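Engineer: Pasting in a structure now, in structure tokens, and then I'll have a few things to ask.
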Amino acid sequence: MAKKKGTSIVSSTNELVKAFSMNTESDFILNPVSYTQIRGNFSLAQTNLMIGIIAQLQDRIKEQLTFGETNFLFKPEDFSGNLLNFEIPLKELGISPKKYGELEAACEALLHVDMSYKRFDEKENIEYNVKQNIFHKIEFPTNVLNAEGEKVGYKSGQRRKGVIKIQMVDESAREILNLRKGYTRHLKNICSFCRSPRTPRLYIYLTAWRKIGSCTVNYIDLKEFFGVLTFSKDHKRITENRYLKYGAFHRDVLDPVQKEMKNLSDENKVEFYFEYEPIYPHGVSRGDPESIRFHLIESQFGKSQLFQN
């Protein structure tokens with residue numbers, strides 16, 4: 001029998017339909033791959049702030065994609081000297097006002113997080129590892145005037161208003177805020193679903209390989225990405241290694257992320273989860289692996305979204 005015009009084969013009360021309808025195109029953002037690969041030990045609040053920065057750049061990213069460009073996303077007027085300036089309205093971060101104190105602390109701590117990223121020198125045709133905090137200054141609103149013109153303190157529980165003002169180092173911004181390595185598409189509010197600070201970071205990283213279905217990541221690079229292994233500034237000497245044994249790393253880092261993403265996938269809150277396996281050099285089957293291979297498995301929600309980017 002032909003389906004009547006204007007009717008639906010699947011009931012609108014179907015649980016999957018309701019789950020998918022909770023996520024609209026506005027819930028997804030486009031993110032430069034270079035930016036998703038910044039390495040560091042970020043908290044959930046800090047990752048949410050990093051996402052908030054990219055959320056402010058959506059129009060610029062879409063404009064470049066429309067014209068097939070891969071240039072830097074900013075214009076000369078966006079700079080003050082060698083610093084890039086932009087603002088994020090607090091209300092757009094999707095954080096309860098009760099957690100603004102936590103966010104303020106995260107902003108302050110972000111200025112002291114060890115970060116690194118890869119820089120490609122076109123003249124030398126060589127890729128360099130750069131260890132540098134990309135932020136110069138982050139200003140967080142702490143008070144406003146009430147109706148009587150008096151300053152309001154926020155320990156009393158009053159809601160803060162305004163924007164977070166951010167200054168980013170020009171050199172770093174030019175390396176990571178461009179589309180030369182491509183872009184990925186992911187949920188803007190992923191941090192609100194997660195308890196582990198590492199889950200949204202790996203989720204965002206892996207979204208670049210969804211259509212392929214798998215990716216292989218160098219083990220040392222992966223540890224550095226999570227901020228559990230730190231190199232010297234010249235990237236020749238390991239200065240900190242929080243997980244000397246692979247067994248401890250997969251138990252404390254990878255397994256909790258895998259479990260959380262599987263649960264979120266089963267609940268149709270994220271598009272996929274992953275399974276992983278260690279890859280060893282030929283003839284070796286124990287100790288530290290050479291790399292980790294991730295296999296991405298689509299959720300029902302993910303299958304409905306896979307070809308929309």
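Just remember, in the structure tokens the first chain shown is A, the second B, etc., residues are 1-based per chain, and ligands are 1-based in the order shown.
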If you count only C-alpha atoms, which residues fall within 9 Å of Ser116 of chain A, apart from same-chain ones fewer than 5 positions away, as a VMD selection string?
Structural biologist: chain A and resid 37 to 40 129 to 134 224 to 225
Engineer: With only C-alpha atoms as the counted atoms, please give the residues lying no more than 9 Å from segment 247-258 of chain A, apart from itself and same-chain residues fewer than 2 positions off, as number ranges by chain.
Structural biologist: A: 196-200, 202-203, 223, 226, 242-245, 260-263, 273-276, 287-288
Engineer: Counting only C-alpha atoms, which residue out of A:Leu187, A:Phe120, A:Glu108, A:Asn71 sits closest to Ile54 of chain A?
Structural biologist: A:Leu187
Engineer: Any idea what's packed within 12 Å of Glu87 of chain A, counting only C-alpha atoms, ignoring anything in its chain fewer than 6 positions away? Could you give it as a ChimeraX atom specification?
Structural biologist: /A:49,52-57,78,93,137-141,162-168
Engineer: Those residues with N, CA, C and O atoms, as a PDB file, in the first residue's frame please?
Structural biologist:
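Okay, this is what ended up in result.pdb:
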```pdb
ATOM      1  N   LEU A  49      35.313  25.670  27.112  1.00  0.00           N
ATOM      2  CA  LEU A  49      35.719  27.009  26.699  1.00  0.00           C
ATOM      3  C   LEU A  49      36.391  26.967  25.331  1.00  0.00           C
ATOM      4  O   LEU A  49      36.145  27.843  24.476  1.00  0.00           O
ATOM      5  N   GLY A  52      33.756  26.724  22.913  1.00  0.00           N
ATOM      6  CA  GLY A  52      33.066  27.997  22.822  1.00  0.00           C
ATOM      7  C   GLY A  52      33.778  28.972  21.906  1.00  0.00           C
ATOM      8  O   GLY A  52      33.139  29.771  21.204  1.00  0.00           O
ATOM      9  N   ILE A  53      35.113  28.924  21.886  1.00  0.00           N
ATOM     10  CA  ILE A  53      35.883  29.788  20.989  1.00  0.00           C
ATOM     11  C   ILE A  53      35.553  29.464  19.536  1.00  0.00           C
ATOM     12  O   ILE A  53      35.253  30.347  18.725  1.00  0.00           O
ATOM     13  N   ILE A  54      35.577  28.169  19.205  1.00  0.00           N
ATOM     14  CA  ILE A  54      35.295  27.761  17.827  1.00  0.00           C
ATOM     15  C   ILE A  54      33.846  28.037  17.453  1.00  0.00           C
ATOM     16  O   ILE A  54      33.539  28.375  16.303  1.00  0.00           O
ATOM     17  N   ALA A  55      32.941  27.916  18.414  1.00  0.00           N
ATOM     18  CA  ALA A  55      31.522  28.187  18.130  1.00  0.00           C
ATOM     19  C   ALA A  55      31.321  29.618  17.651  1.00  0.00           C
ATOM     20  O   ALA A  55      30.405  29.898  16.873  1.00  0.00           O
ATOM     21  N   GLN A  56      32.188  30.546  18.098  1.00  0.00           N
ATOM     22  CA  GLN A  56      32.079  31.941  17.674  1.00  0.00           C
ATOM     23  C   GLN A  56      32.567  32.158  16.246  1.00  0.00           C
ATOM     24  O   GLN A  56      32.331  33.218  15.661  1.00  0.00           O
ATOM     25  N   LEU A  57      33.228  31.156  15.681  1.00  0.00           N
ATOM     26  CA  LEU A  57      33.848  31.306  14.364  1.00  0.00           C
ATOM     27  C   LEU A  57      33.089  30.585  13.258  1.00  0.00           C
ATOM     28  O   LEU A  57      33.608  30.444  12.140  1.00  0.00           O
ATOM     29  N   ASP A  78      40.994  42.281  13.463  1.00  0.00           N
ATOM     30  CA  ASP A  78      40.717  41.489  14.661  1.00  0.00           C
ATOM     31  C   ASP A  78      41.892  41.502  15.641  1.00  0.00           C
ATOM     32  O   ASP A  78      41.777  40.981  16.751  1.00  0.00           O
ATOM     33  N   LEU A  93      27.754  29.531  26.520  1.00  0.00           N
ATOM     34  CA  LEU A  93      28.573  28.381  26.887  1.00  0.00           C
ATOM     35  C   LEU A  93      27.747  27.215  27.428  1.00  0.00           C
ATOM     36  O   LEU A  93      28.276  26.135  27.659  1.00  0.00           O
ATOM     37  N   LYS A 137      45.859  36.250  27.499  1.00  0.00           N
ATOM     38  CA  LYS A 137      45.063  36.778  28.604  1.00  0.00           C
ATOM     39  C   LYS A 137      43.617  36.300  28.462  1.00  0.00           C
ATOM     40  O   LYS A 137      43.098  36.198  27.351  1.00  0.00           O
ATOM     41  N   ILE A 138      42.986  36.002  29.588  1.00  0.00           N
ATOM     42  CA  ILE A 138      41.554  35.685  29.622  1.00  0.00           C
ATOM     43  C   ILE A 138      40.930  36.517  30.731  1.00  0.00           C
ATOM     44  O   ILE A 138      41.333  36.427  31.891  1.00  0.00           O
ATOM     45  N   GLU A 139      39.951  37.343  30.388  1.00  0.00           N
ATOM     46  CA  GLU A 139      39.271  38.185  31.360  1.00  0.00           C
ATOM     47  C   GLU A 139      37.855  37.663  31.579  1.00  0.00           C
ATOM     48  O   GLU A 139      37.097  37.470  30.634  1.00  0.00           O
ATOM     49  N   PHE A 140      37.530  37.452  32.840  1.00  0.00           N
ATOM     50  CA  PHE A 140      36.231  36.891  33.214  1.00  0.00           C
ATOM     51  C   PHE A 140      35.437  37.939  33.990  1.00  0.00           C
ATOM     52  O   PHE A 140      35.974  38.552  34.914  1.00  0.00           O
ATOM     53  N   PRO A 141      34.165  38.170  33.627  1.00  0.00           N
ATOM     54  CA  PRO A 141      33.375  39.180  34.352  1.00  0.00           C
ATOM     55  C   PRO A 141      33.126  38.760  35.788  1.00  0.00           C
ATOM     56  O   PRO A 141      32.701  37.642  36.057  1.00  0.00           O
ATOM     57  N   GLY A 162      27.551  39.251  30.870  1.00  0.00           N
ATOM     58  CA  GLY A 162      28.645  39.772  30.073  1.00  0.00           C
ATOM     59  C   GLY A 162      29.359  38.717  29.265  1.00  0.00           C
ATOM     60  O   GLY A 162      28.791  37.681  28.911  1.00  0.00           O
ATOM     61  N   VAL A 163      30.633  38.978  28.971  1.00  0.00           N
ATOM     62  CA  VAL A 163      31.399  38.124  28.072  1.00  0.00           C
ATOM     63  C   VAL A 163      32.753  37.790  28.679  1.00  0.00           C
ATOM     64  O   VAL A 163      33.268  38.508  29.545  1.00  0.00           O
ATOM     65  N   ILE A 164      33.302  36.682  28.225  1.00  0.00           N
ATOM     66  CA  ILE A 164      34.689  36.351  28.535  1.00  0.00           C
ATOM     67  C   ILE A 164      35.532  36.951  27.417  1.00  0.00           C
ATOM     68  O   ILE A 164      35.287  36.700  26.233  1.00  0.00           O
ATOM     69  N   LYS A 165      36.506  37.765  27.775  1.00  0.00           N
ATOM     70  CA  LYS A 165      37.383  38.384  26.785  1.00  0.00           C
ATOM     71  C   LYS A 165      38.688  37.588  26.713  1.00  0.00           C
ATOM     72  O   LYS A 165      39.302  37.295  27.736  1.00  0.00           O
ATOM     73  N   ILE A 166      39.070  37.240  25.492  1.00  0.00           N
ATOM     74  CA  ILE A 166      40.220  36.361  25.293  1.00  0.00           C
ATOM     75  C   ILE A 166      41.214  36.999  24.344  1.00  0.00           C
ATOM     76  O   ILE A 166      40.848  37.581  23.324  1.00  0.00           O
ATOM     77  N   GLN A 167      42.483  36.906  24.703  1.00  0.00           N
ATOM     78  CA  GLN A 167      43.558  37.299  23.806  1.00  0.00           C
ATOM     79  C   GLN A 167      44.404  36.066  23.506  1.00  0.00           C
ATOM     80  O   GLN A 167      44.852  35.374  24.418  1.00  0.00           O
ATOM     81  N   MET A 168      44.589  35.798  22.223  1.00  0.00           N
ATOM     82  CA  MET A 168      45.348  34.632  21.785  1.00  0.00           C
ATOM     83  C   MET A 168      46.610  35.101  21.066  1.00  0.00           C
ATOM     84  O   MET A 168      46.592  36.095  20.339  1.00  0.00           O
TER      85      MET A 168
END
```
Engineer: Interatomic distance between atom CA of Phe28 of chain A and atom CA of Phe72 of chain A?
Structural biologist: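 Distance between the two atoms: 21.4 Å.
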Engineer: Any chance you could list, as a PyMOL selection string, the residues in segment 34-82 of chain A that come up strand (DSSP E or B) when DSSP is run on the backbone?
Structural biologist: chain A and resi 39+72+79-80
